[in-house]
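Next comes data_36.cif, with mmCIF, C-alpha atoms.
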```cif
data_my_file
loop_
_atom_site.label_atom_id
_atom_site.label_comp_id
_atom_site.auth_asym_id
_atom_site.auth_seq_id
_atom_site.Cartn_x
_atom_site.Cartn_y
_atom_site.Cartn_z
CA MET X 748 -19.80 4.49 -28.98
CA THR X 749 -21.92 6.11 -26.29
CA PRO X 750 -19.92 7.97 -23.62
CA ALA X 751 -20.48 7.21 -19.94
CA PHE X 752 -20.72 9.76 -17.14
CA VAL X 753 -19.57 7.97 -14.02
CA PHE X 754 -21.12 8.53 -10.57
CA PRO X 755 -22.32 12.13 -10.99
CA THR X 756 -23.65 14.16 -8.08
CA ALA X 757 -27.11 15.73 -8.20
CA ARG X 758 -25.46 19.02 -9.19
CA GLN X 759 -23.59 17.35 -12.02
CA LYS X 760 -26.76 15.63 -13.24
CA GLU X 761 -28.32 19.05 -13.73
CA ARG X 762 -25.43 19.98 -16.05
CA LEU X 763 -25.76 16.72 -17.97
CA ARG X 764 -29.46 17.37 -18.57
CA ARG X 765 -28.61 20.76 -20.10
CA LEU X 766 -25.54 19.78 -22.10
CA VAL X 767 -26.01 16.18 -23.30
CA GLY X 768 -28.78 14.87 -25.53
CA PRO X 769 -30.92 12.05 -24.09
CA GLU X 770 -29.46 9.53 -26.57
CA ASP X 771 -25.89 10.87 -26.41
CA GLY X 772 -24.70 9.33 -23.15
CA VAL X 773 -25.35 6.95 -20.29
CA VAL X 774 -24.99 7.60 -16.57
CA LEU X 775 -23.42 5.07 -14.22
CA ALA X 776 -24.94 5.86 -10.82
CA HIS X 777 -23.87 5.04 -7.27
CA PRO X 778 -26.52 5.04 -4.51
CA ASP X 779 -24.13 6.68 -2.02
CA ILE X 780 -23.78 9.71 -4.31
CA ALA X 781 -27.00 10.14 -6.31
CA PRO X 782 -29.21 7.16 -7.15
CA ALA X 783 -30.33 6.21 -10.66
CA ASP X 784 -33.34 8.53 -10.59
CA GLY X 785 -33.35 9.79 -14.19
CA ALA X 786 -32.55 13.35 -13.14
CA SER X 787 -29.80 13.63 -15.76
CA GLY X 788 -32.19 13.10 -18.65
CA LEU X 789 -29.98 10.23 -19.83
CA ARG X 790 -30.35 6.50 -19.41
CA GLU X 791 -29.14 5.73 -15.88
CA GLN X 792 -28.01 2.46 -14.35
CA GLU X 793 -26.41 1.61 -11.05
CA ALA X 794 -22.96 0.04 -11.34
CA ALA X 795 -21.31 -2.34 -8.88
CA PRO X 796 -17.61 -3.28 -8.82
CA GLY X 797 -16.74 -5.55 -11.73
CA ASP X 798 -19.93 -4.88 -13.68
CA ALA X 799 -19.63 -4.93 -17.46
CA ALA X 800 -18.85 -1.39 -18.56
CA PRO X 801 -20.22 0.70 -21.43
CA ALA X 802 -17.85 0.60 -24.37
CA GLY X 803 -17.54 4.37 -24.93
CA ARG X 804 -15.29 6.95 -23.31
CA TRP X 805 -15.77 7.68 -19.62
CA LEU X 806 -15.96 10.99 -17.77
CA VAL X 807 -15.34 10.16 -14.11
CA LEU X 808 -17.17 12.70 -11.95
CA HIS X 809 -16.63 11.41 -8.40
CA GLU X 810 -13.79 9.83 -6.45
CA LEU X 811 -15.74 6.58 -6.21
CA GLY X 812 -15.73 6.50 -9.99
CA VAL X 813 -11.93 6.42 -9.94
CA TYR X 814 -12.11 3.46 -7.53
CA HIS X 815 -14.66 1.77 -9.79
CA LEU X 816 -12.35 2.12 -12.76
CA ARG X 817 -9.90 -0.25 -11.04
CA THR X 818 -12.45 -3.07 -11.34
CA VAL X 819 -13.24 -2.60 -15.05
CA ASP X 820 -11.50 -4.79 -17.62
CA PRO X 821 -10.74 -3.74 -20.25
CA ALA X 822 -10.27 -0.20 -19.01
CA PRO X 823 -12.19 2.43 -20.98
CA GLU X 824 -10.68 5.61 -22.35
CA THR X 825 -10.84 8.41 -19.80
CA THR X 826 -9.49 11.93 -19.29
CA PHE X 827 -6.43 10.61 -17.43
CA GLY X 828 -3.83 7.88 -17.58
CA ALA X 829 -3.54 4.61 -15.68
CA ARG X 830 -0.92 6.05 -13.33
CA CYS X 831 -3.69 8.03 -11.63
CA LEU X 832 -5.05 4.76 -10.26
CA ASP X 833 -1.78 4.38 -8.35
CA MET X 834 -2.49 7.72 -6.68
CA LEU X 835 -5.47 6.35 -4.74
CA THR X 836 -3.08 5.54 -1.91
CA LYS X 837 -0.94 8.10 -0.10
CA THR X 838 2.28 6.28 -0.91
CA GLY X 839 1.28 5.85 -4.55
CA ALA X 840 0.47 9.56 -4.84
CA ALA X 841 3.83 10.45 -3.27
CA ALA X 842 5.65 8.45 -5.94
CA VAL X 843 3.86 10.32 -8.74
CA PHE X 844 4.45 13.69 -7.08
CA ASP X 845 8.15 12.82 -6.99
CA LEU X 846 8.03 11.88 -10.66
CA ALA X 847 6.40 15.23 -11.46
CA GLY X 848 9.02 17.08 -9.42
CA VAL X 849 6.62 18.80 -7.00
CA ARG X 850 7.02 19.09 -3.26
CA ARG X 851 4.94 16.74 -1.12
CA ALA X 852 4.66 15.86 2.55
CA PRO X 853 7.34 13.39 3.74
CA LYS X 854 5.95 10.00 4.67
CA ALA X 855 7.01 7.13 6.91
CA ASP X 856 5.44 3.71 7.34
CA ALA X 857 3.38 3.57 10.53
CA PRO X 858 2.74 -0.08 11.55
CA LEU X 859 0.05 -0.02 14.22
CA ASP X 860 1.86 -2.64 16.31
CA GLY X 861 5.17 -0.77 16.15
CA PRO X 862 6.73 2.08 18.14
CA LEU X 863 6.08 5.73 17.42
CA PRO X 864 6.72 6.03 13.66
CA ALA X 865 7.92 9.66 13.87
CA GLU X 866 8.82 12.34 16.35
CA PRO X 867 5.61 13.81 17.83
CA PRO X 868 3.65 15.76 16.94
CA PHE X 869 2.88 14.06 13.64
CA VAL X 870 -0.17 13.26 11.51
CA VAL X 871 -1.12 9.61 11.02
CA LYS X 872 -3.49 8.50 8.28
CA PRO X 873 -4.47 5.35 6.41
CA ASP X 874 -2.55 4.70 3.20
CA PHE X 875 -6.00 4.34 1.62
CA GLY X 876 -8.49 6.75 3.13
CA PHE X 877 -11.85 8.29 2.44
CA GLY X 878 -13.22 11.61 3.64
CA SER X 879 -10.36 12.23 6.11
CA GLN X 880 -11.40 9.24 8.23
CA LEU X 881 -8.72 8.23 10.75
CA VAL X 882 -6.56 11.26 9.96
CA LYS X 883 -5.38 12.29 13.42
CA VAL X 884 -2.65 14.31 15.11
CA VAL X 885 -0.53 12.25 17.50
CA ARG X 886 1.26 14.18 20.24
CA ASP X 887 2.56 11.42 22.50
CA GLU X 888 2.88 7.67 23.00
CA ALA X 889 -0.51 7.37 24.71
CA GLN X 890 -2.30 8.96 21.76
CA TRP X 891 -0.45 6.67 19.36
CA ARG X 892 -1.58 3.58 21.27
CA ALA X 893 -5.16 4.84 21.47
CA TYR X 894 -5.15 5.53 17.73
CA ALA X 895 -3.78 2.06 16.97
CA ASP X 896 -6.48 0.42 19.10
CA VAL X 897 -9.23 2.17 17.12
CA ALA X 898 -7.65 1.92 13.65
CA ARG X 899 -6.72 -1.75 13.90
CA THR X 900 -10.27 -2.82 12.99
CA PRO X 901 -11.32 -1.32 9.63
CA SER X 902 -14.80 0.18 9.72
CA GLY X 903 -17.14 2.62 8.02
CA VAL X 904 -17.18 3.54 4.35
CA ARG X 905 -13.39 3.31 4.19
CA ALA X 906 -13.62 -0.40 4.93
CA ARG X 907 -16.61 -0.89 2.66
CA TYR X 908 -15.04 0.86 -0.31
CA GLY X 909 -11.63 -0.67 0.31
CA ARG X 910 -13.04 -4.21 0.25
CA ALA X 911 -15.30 -3.50 -2.73
CA TYR X 912 -12.85 -1.74 -5.01
CA PHE X 913 -9.45 -2.98 -3.83
CA ALA X 914 -10.10 -6.69 -3.41
CA ASP X 915 -6.80 -7.32 -5.25
CA GLU X 916 -4.89 -5.65 -2.37
CA PRO X 917 -5.91 -7.62 0.74
CA GLY X 918 -3.49 -5.80 3.06
CA LEU X 919 -4.46 -2.32 1.96
CA LEU X 920 -6.65 -1.46 4.96
CA ASP X 921 -3.84 -2.38 7.36
CA ARG X 922 -1.32 0.13 5.96
CA PHE X 923 -0.82 3.52 7.63
CA VAL X 924 1.60 6.39 7.13
CA ALA X 925 2.93 9.20 9.31
CA GLU X 926 3.62 12.73 8.13
CA PRO X 927 5.06 15.74 9.96
CA LEU X 928 2.52 18.20 11.33
CA LEU X 929 3.11 21.09 8.95
CA ASP X 930 2.17 24.71 9.58
CA GLY X 931 0.12 25.87 6.64
CA THR X 932 -3.24 26.67 5.06
CA PHE X 933 -5.21 23.83 3.52
CA LEU X 934 -6.12 24.39 -0.15
CA SER X 935 -8.63 22.54 -2.29
CA VAL X 936 -7.75 23.47 -5.86
CA PRO X 937 -10.05 22.64 -8.75
CA PHE X 938 -8.20 23.41 -11.97
CA VAL X 939 -8.73 23.32 -15.70
CA TRP X 940 -6.05 21.76 -17.90
CA ASP X 941 -6.50 22.83 -21.51
CA GLY X 942 -3.69 20.70 -22.91
CA ALA X 943 -1.08 23.42 -22.54
CA ALA X 944 -1.72 25.42 -19.35
CA VAL X 945 -3.56 25.39 -16.03
CA THR X 946 -6.18 27.79 -14.71
CA ALA X 947 -6.72 27.20 -10.99
CA PHE X 948 -9.57 28.23 -8.68
CA PRO X 949 -8.24 27.64 -5.16
CA VAL X 950 -10.43 27.45 -2.08
CA SER X 951 -8.94 27.52 1.42
CA GLY X 952 -9.96 25.69 4.56
CA ALA X 953 -10.97 28.19 7.23
CA GLU X 954 -12.12 26.00 10.13
CA ALA X 955 -11.78 22.30 10.91
CA ALA X 956 -13.35 20.36 13.77
CA SER X 957 -11.93 17.40 15.64
CA THR X 958 -14.19 14.36 15.84
CA ALA X 959 -13.74 10.82 17.05
CA SER X 960 -12.55 9.76 13.58
CA THR X 961 -10.59 12.77 12.34
CA ASP X 962 -8.90 16.00 13.39
CA PHE X 963 -9.54 17.47 9.94
CA HIS X 964 -13.31 17.64 9.46
CA TRP X 965 -13.47 20.83 7.42
CA GLU X 966 -16.59 22.84 8.23
CA ARG X 967 -15.76 26.25 6.77
CA PHE X 968 -14.06 27.27 3.55
CA GLU X 969 -13.17 30.59 1.97
CA ALA X 970 -12.89 31.60 -1.65
CA PRO X 971 -10.92 33.01 -3.24
CA ALA X 972 -8.01 31.59 -1.29
CA ARG X 973 -5.61 34.25 -0.07
CA ILE X 974 -2.48 33.53 -2.08
CA ASP X 975 0.06 36.12 -3.13
CA PRO X 976 0.79 36.43 -6.88
CA ALA X 977 4.14 34.62 -6.72
CA ALA X 978 2.68 31.63 -4.89
CA PHE X 979 -0.30 31.60 -7.28
CA ALA X 980 2.00 31.43 -10.29
CA ALA X 981 3.97 28.64 -8.61
CA LEU X 982 0.72 26.79 -7.88
CA GLU X 983 -0.38 26.77 -11.52
CA SER X 984 3.13 25.83 -12.66
CA ASP X 985 3.26 22.88 -10.25
CA LEU X 986 -0.22 21.70 -11.26
CA ALA X 987 0.85 21.75 -14.91
CA ARG X 988 3.77 19.47 -13.99
CA LEU X 989 1.26 16.75 -13.12
CA ALA X 990 -0.14 16.66 -16.64
CA GLY X 991 2.68 14.58 -18.13
CA PRO X 992 3.03 11.83 -15.51
CA CYS X 993 -0.77 11.65 -15.10
CA GLU X 994 -1.44 11.73 -18.87
CA LEU X 995 -4.13 14.35 -18.43
CA ARG X 996 -6.42 15.20 -21.32
CA PRO X 997 -8.21 18.56 -21.37
CA GLY X 998 -10.60 18.64 -18.44
CA VAL X 999 -11.18 19.58 -14.81
CA PHE X 1000 -9.21 17.99 -11.96
CA GLU X 1001 -8.51 18.65 -8.30
CA ALA X 1002 -5.50 18.77 -6.01
CA GLU X 1003 -5.19 19.29 -2.27
CA LEU X 1004 -2.18 21.11 -0.91
CA LEU X 1005 -0.81 23.03 2.02
CA LEU X 1006 0.37 26.60 1.54
CA LEU X 1007 3.13 26.58 4.12
CA ALA X 1008 3.89 29.47 6.44
CA GLY X 1009 6.98 30.34 4.37
CA GLY X 1010 4.98 30.52 1.13
CA GLU X 1011 6.00 27.11 -0.24
CA LEU X 1012 3.45 24.65 -1.62
CA CYS X 1013 3.21 21.06 -0.40
CA PHE X 1014 1.05 18.53 -2.26
CA LEU X 1015 -1.18 16.18 -0.27
CA GLU X 1016 -3.59 14.61 -2.79
CA PHE X 1017 -4.54 14.61 -6.46
CA SER X 1018 -7.78 13.34 -7.97
CA PRO X 1019 -8.46 13.10 -11.71
CA ARG X 1020 -12.05 14.38 -11.49
CA PRO X 1021 -13.86 17.59 -10.54
CA THR X 1022 -14.10 18.07 -6.81
CA GLY X 1023 -17.32 17.79 -4.82
CA GLY X 1024 -18.88 18.94 -1.58
CA VAL X 1025 -19.35 22.67 -1.18
CA VAL X 1026 -16.36 23.57 -3.38
CA PRO X 1027 -18.11 23.75 -6.80
CA GLU X 1028 -20.64 26.24 -5.44
CA LEU X 1029 -17.85 28.25 -3.80
CA VAL X 1030 -15.99 28.43 -7.09
CA TRP X 1031 -19.17 29.48 -8.90
CA HIS X 1032 -20.00 32.29 -6.50
CA ALA X 1033 -16.41 33.45 -5.97
CA TYR X 1034 -14.96 33.14 -9.48
CA GLY X 1035 -18.06 32.95 -11.69
CA VAL X 1036 -16.90 29.59 -13.09
CA ASP X 1037 -18.99 26.41 -13.16
CA ILE X 1038 -16.38 23.65 -12.89
CA ASP X 1039 -18.94 20.87 -13.39
CA GLU X 1040 -20.16 22.42 -16.63
CA LEU X 1041 -16.57 22.95 -17.77
CA ALA X 1042 -15.76 19.30 -17.10
CA VAL X 1043 -18.64 18.13 -19.28
CA ARG X 1044 -17.92 20.63 -22.06
CA CYS X 1045 -14.23 19.68 -22.20
CA PHE X 1046 -15.14 15.99 -22.34
CA LEU X 1047 -17.52 16.67 -25.24
CA GLY X 1048 -14.64 18.18 -27.21
CA GLU X 1049 -15.31 21.86 -26.61
CA ARG X 1050 -12.54 24.20 -25.56
CA PRO X 1051 -14.47 26.81 -23.59
CA ALA X 1052 -12.69 30.03 -22.70
CA VAL X 1053 -11.78 30.03 -19.03
CA ALA X 1054 -11.22 33.33 -17.29
CA ARG X 1055 -10.37 34.09 -13.69
CA ASP X 1056 -11.48 37.67 -13.23
CA ALA X 1057 -11.81 39.68 -10.05
CA ALA X 1058 -13.26 37.32 -7.49
CA ARG X 1059 -16.02 37.89 -4.96
CA PRO X 1060 -15.21 36.78 -1.38
CA VAL X 1061 -17.53 34.04 -0.17
CA LEU X 1062 -17.77 31.63 2.76
CA GLY X 1063 -18.76 27.97 2.53
CA VAL X 1064 -20.24 26.15 5.52
CA ARG X 1065 -20.86 22.39 5.88
CA SER X 1066 -23.22 21.73 8.77
CA PRO X 1067 -25.64 19.04 9.95
CA ALA X 1068 -28.90 19.01 8.04
CA ALA X 1069 -30.81 20.19 11.11
CA ALA X 1070 -28.62 23.29 11.59
CA PRO X 1071 -30.36 26.52 10.53
CA PRO X 1072 -28.64 29.00 8.20
CA ASP X 1073 -26.74 31.97 9.60
CA GLU X 1074 -29.27 34.81 9.24
CA SER X 1075 -26.59 37.44 9.81
CA LEU X 1076 -25.06 36.66 6.39
CA GLU X 1077 -26.47 36.81 2.87
CA LEU X 1078 -27.23 33.23 1.79
CA LEU X 1079 -26.21 32.64 -1.84
CA SER X 1080 -26.92 28.91 -2.21
CA GLU X 1081 -27.92 25.85 -0.23
CA GLN X 1082 -27.80 22.18 -1.15
CA ALA X 1083 -27.87 18.81 0.57
CA GLY X 1084 -24.56 16.98 0.83
CA ALA X 1085 -23.12 13.70 2.13
CA GLY X 1086 -26.25 11.67 1.47
CA GLY X 1087 -28.52 14.24 3.07
CA ARG X 1088 -26.70 14.21 6.42
CA LEU X 1089 -25.11 17.63 5.82
CA VAL X 1090 -26.12 20.89 4.21
CA ASP X 1091 -23.65 22.93 2.17
CA ARG X 1092 -24.33 26.65 2.30
CA VAL X 1093 -22.50 29.48 0.58
CA TYR X 1094 -22.67 33.01 1.97
CA ALA X 1095 -21.42 36.37 0.84
CA ALA X 1096 -18.43 37.03 3.11
CA ALA X 1097 -19.06 39.68 5.74
#
```
Output the file's structure in the form of C-alpha cells.
Amino acid sequence: MTPAFVFPTARQKERLRRLVGPEDGVVLAHPDIAPADGASGLREQEAAPGDAAPAGRWLVLHELGVYHLRTVDPAPETTFGARCLDMLTKTGAAAVFDLAGVRRAPKADAPLDGPLPAEPPFVVKPDFGFGSQLVKVVRDEAQWRAYADVARTPSGVRARYGRAYFADEPGLLDRFVAEPLLDGTFLSVPFVWDGAAVTAFPVSGAEAASTASTDFHWERFEAPARIDPAAFAALESDLARLAGPCELRPGVFEAELLLLAGGELCFLEFSPRPTGGVVPELVWHAYGVDIDELAVRCFLGERPAVARDAARPVLGVRSPAAAPPDESLELLSEQAGAGGRLVDRVYAAA
C-alpha cells in the first residue's frame, strides 16, 4: 500500500522530492500550509475533513495533519498511538503527561462567566488552541473580564479548525484553562526517538511580543538552548517517558516545555510530528541535523545515525514579510512562513 505524507510544508516537500520515488507515495496537501502544487514530485491531492483516506501508512508532518487524523475512519497506521489525539487539548495532554510521570503545568477550569479561576497573575488559554491565540496573562479582575469579553466569541483559525476537525465536540471552543505564571525559559524541543532512546535538539525562546490575541508571540529564538548537562539529561529522560503512553514508533516529534528558574522541567505541549516555523532551520544551522529529512528516513524504515556534536550558536527571527533583514548579522537562511505573512530568518549569533 502506498504511504501518505500528510500536510507537508514547502521545506518538507523538498525532502520528499529527494528521498521518495514518484510512485512510492502520495501527498495529502492543505492550502493553509502548502497547496497541492506538485513540488514534492509525488502525486498530490488536497484533503478536507472526512475525506476518504489513502490505505497505506501515514507520516503526519504538520499539526493540522494530527487534527485531520481525527476525522478519518478507519484510522491509518501512523508513527504514534491513538492516545496522542487526546493530547490536542490542554487537559487531554495533562492527563497523558501524568500517565508518563513527567511534570506539567497545573491547570484549573476557567469558565468565562465565572469568577477569577486562579490567584493573579495567571495564564489563561483555550483548552483547544492554535498558534498561541488567546494565550494571555491576567493580572487582575478587570483584565479577566476584558479577556472573557473577547474570548467568548470564537474567531480566527482556531474557530475554523475547531469546527472543521472537532465537530464531534461541540463545546470544545468554549472551554478554557488557567495556569500559574511560571518563571522559566520557553523551549521548543524537536527530538528523535529511535525505539530505545531520545536525542533532543532544543531551541529556546528569546523574545516574545504581546499582541491583541496573545502575550506569547515568539519573534526570536536561540539555538542551541542554554541548558546545563544535568537538565539536558533530565530532558531526554523525560521525553523518553512519553514513548510508552504515546506508543511512539521511531521518528521525529516535538515537545514544548519551560525550563524553570530552579532548573526543573515543566511540560506544556507535545505533538507527534516534526515541528515547523523557523525551528527546523535553526536546528539545521545550530546542530547540523535536518529533522525533516530524519522524519522521512525513519518513516521509510531507515535508522540513520543521529549525532549531536558541538553546536554553532544561531538566532532565529520571525518578522513580517515586509521587514528587511538585519544587515549587522550574517544571514544564513531565509524562507517564507505563515502563508507568506511572515519571513523566518536564521542568523549567525553575534
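The environment of Val1090 in chain X within 6 Å, counting only C-alpha atoms and disregarding residues fewer than 4 places along the same chain, consists of X:Arg1065, X:Ser1066, X:Ala1068, X:Gln1082, X:Ala1083, X:Gly1084.
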Store the residues of this selection in a file with C-alpha atoms, as a compact mmCIF listing (two decimals), in the coordinates of the input.
```txt
# COMPACT_ATOMS: atom_id res chain seq x y z
CA ARG X 1065 -20.86 22.39 5.88
CA SER X 1066 -23.22 21.73 8.77
CA ALA X 1068 -28.90 19.01 8.04
CA GLN X 1082 -27.80 22.18 -1.15
CA ALA X 1083 -27.87 18.81 0.57
CA GLY X 1084 -24.56 16.98 0.83
```
Note to self: Here's a test: counting only C-alpha atoms, identify every protein, DNA and RNA residue with an atom at most 12 Å from (-26.0, 20.6, 10.8) in the file's coordinate frame, and state them as a PyMOL selection string.
What the structure shows: chain X and resi 966+1064-1073+1083-1085+1087-1092
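Residue nearest Glu761 in chain X within the list X:Leu1029, X:Ala857, X:Val882, X:Val1043: X:Val1043 [criterion: smallest interatomic distance, all atoms listed in the file].
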Check: Gly903 in chain X: which residues within 12 Å, counting only C-alpha atoms, same-chain residues fewer than 3 positions away excluded, as a PyMOL selection string?
Finding: chain X and resi 876-881+898+900+906-910+920+960
Check: Which residues match the PyMOL selection byres ((chain X and resi 801-818) around 9) in the file above, as a VMD selection string?
Finding: chain X and resid 748 to 756 759 772 to 773 775 777 780 794 to 800 819 to 820 822 to 826 831 to 832 835 908 to 909 911 to 913 1018 to 1023 1039 1042 to 1043 1046
Would you save the residues from that selection as a compact mmCIF listing (two decimals), in the frame of the given file, using C-alpha atoms?
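Heads up, here's the output in result_10.txt:
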```
# COMPACT_ATOMS: atom_id res chain seq x y z
CA MET X 748 -19.80 4.49 -28.98
CA THR X 749 -21.92 6.11 -26.29
CA PRO X 750 -19.92 7.97 -23.62
CA ALA X 751 -20.48 7.21 -19.94
CA PHE X 752 -20.72 9.76 -17.14
CA VAL X 753 -19.57 7.97 -14.02
CA PHE X 754 -21.12 8.53 -10.57
CA PRO X 755 -22.32 12.13 -10.99
CA THR X 756 -23.65 14.16 -8.08
CA GLN X 759 -23.59 17.35 -12.02
CA GLY X 772 -24.70 9.33 -23.15
CA VAL X 773 -25.35 6.95 -20.29
CA LEU X 775 -23.42 5.07 -14.22
CA HIS X 777 -23.87 5.04 -7.27
CA ILE X 780 -23.78 9.71 -4.31
CA ALA X 794 -22.96 0.04 -11.34
CA ALA X 795 -21.31 -2.34 -8.88
CA PRO X 796 -17.61 -3.28 -8.82
CA GLY X 797 -16.74 -5.55 -11.73
CA ASP X 798 -19.93 -4.88 -13.68
CA ALA X 799 -19.63 -4.93 -17.46
CA ALA X 800 -18.85 -1.39 -18.56
CA VAL X 819 -13.24 -2.60 -15.05
CA ASP X 820 -11.50 -4.79 -17.62
CA ALA X 822 -10.27 -0.20 -19.01
CA PRO X 823 -12.19 2.43 -20.98
CA GLU X 824 -10.68 5.61 -22.35
CA THR X 825 -10.84 8.41 -19.80
CA THR X 826 -9.49 11.93 -19.29
CA CYS X 831 -3.69 8.03 -11.63
CA LEU X 832 -5.05 4.76 -10.26
CA LEU X 835 -5.47 6.35 -4.74
CA TYR X 908 -15.04 0.86 -0.31
CA GLY X 909 -11.63 -0.67 0.31
CA ALA X 911 -15.30 -3.50 -2.73
CA TYR X 912 -12.85 -1.74 -5.01
CA PHE X 913 -9.45 -2.98 -3.83
CA SER X 1018 -7.78 13.34 -7.97
CA PRO X 1019 -8.46 13.10 -11.71
CA ARG X 1020 -12.05 14.38 -11.49
CA PRO X 1021 -13.86 17.59 -10.54
CA THR X 1022 -14.10 18.07 -6.81
CA GLY X 1023 -17.32 17.79 -4.82
CA ASP X 1039 -18.94 20.87 -13.39
CA ALA X 1042 -15.76 19.30 -17.10
CA VAL X 1043 -18.64 18.13 -19.28
CA PHE X 1046 -15.14 15.99 -22.34
```
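When the PyMOL selection byres ((chain X and resi 1008) around 7) is evaluated against the file, it yields Asp930, Gly931, Leu1006, Leu1007, Gly1009 and Gly1010 of chain X.
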Item checked: Shell of 9 Å around Glu888 in chain X, all atoms listed in the file, local chain residues under 6 positions omitted, as a PyMOL selection string -> chain X and resi 862-863+867
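Of the listed residues (X:Leu1079, X:Phe844, X:Tyr894, X:Gly1024), X:Gly1024 comes nearest to Ala757 in chain X; the distances count all atoms listed in the file.
Separating CA of Ser951 in chain X from CA of Ala1052 in chain X is a distance of 24.5 Å.
With all atoms listed in the file as the atoms that count, the residue of X:Ala956, X:Leu1041, X:Val885, X:Leu1015 with the shortest distance to Leu763 in chain X is X:Leu1041.
For the pair CA of Phe968 in chain X and CA of Gly1063 in chain X, the separation is 4.9 Å.
Excluding Asp1037 in chain X itself and any same-chain residue fewer than 3 positions from it, the protein and nucleic acid residues within 10 Å of it, counting all atoms listed in the file, are Arg762, Pro1027, Glu1028, Leu1029, Val1030, Trp1031, His1032, Tyr1034, Glu1040, Leu1041, Ala1042 and Val1053 of chain X.
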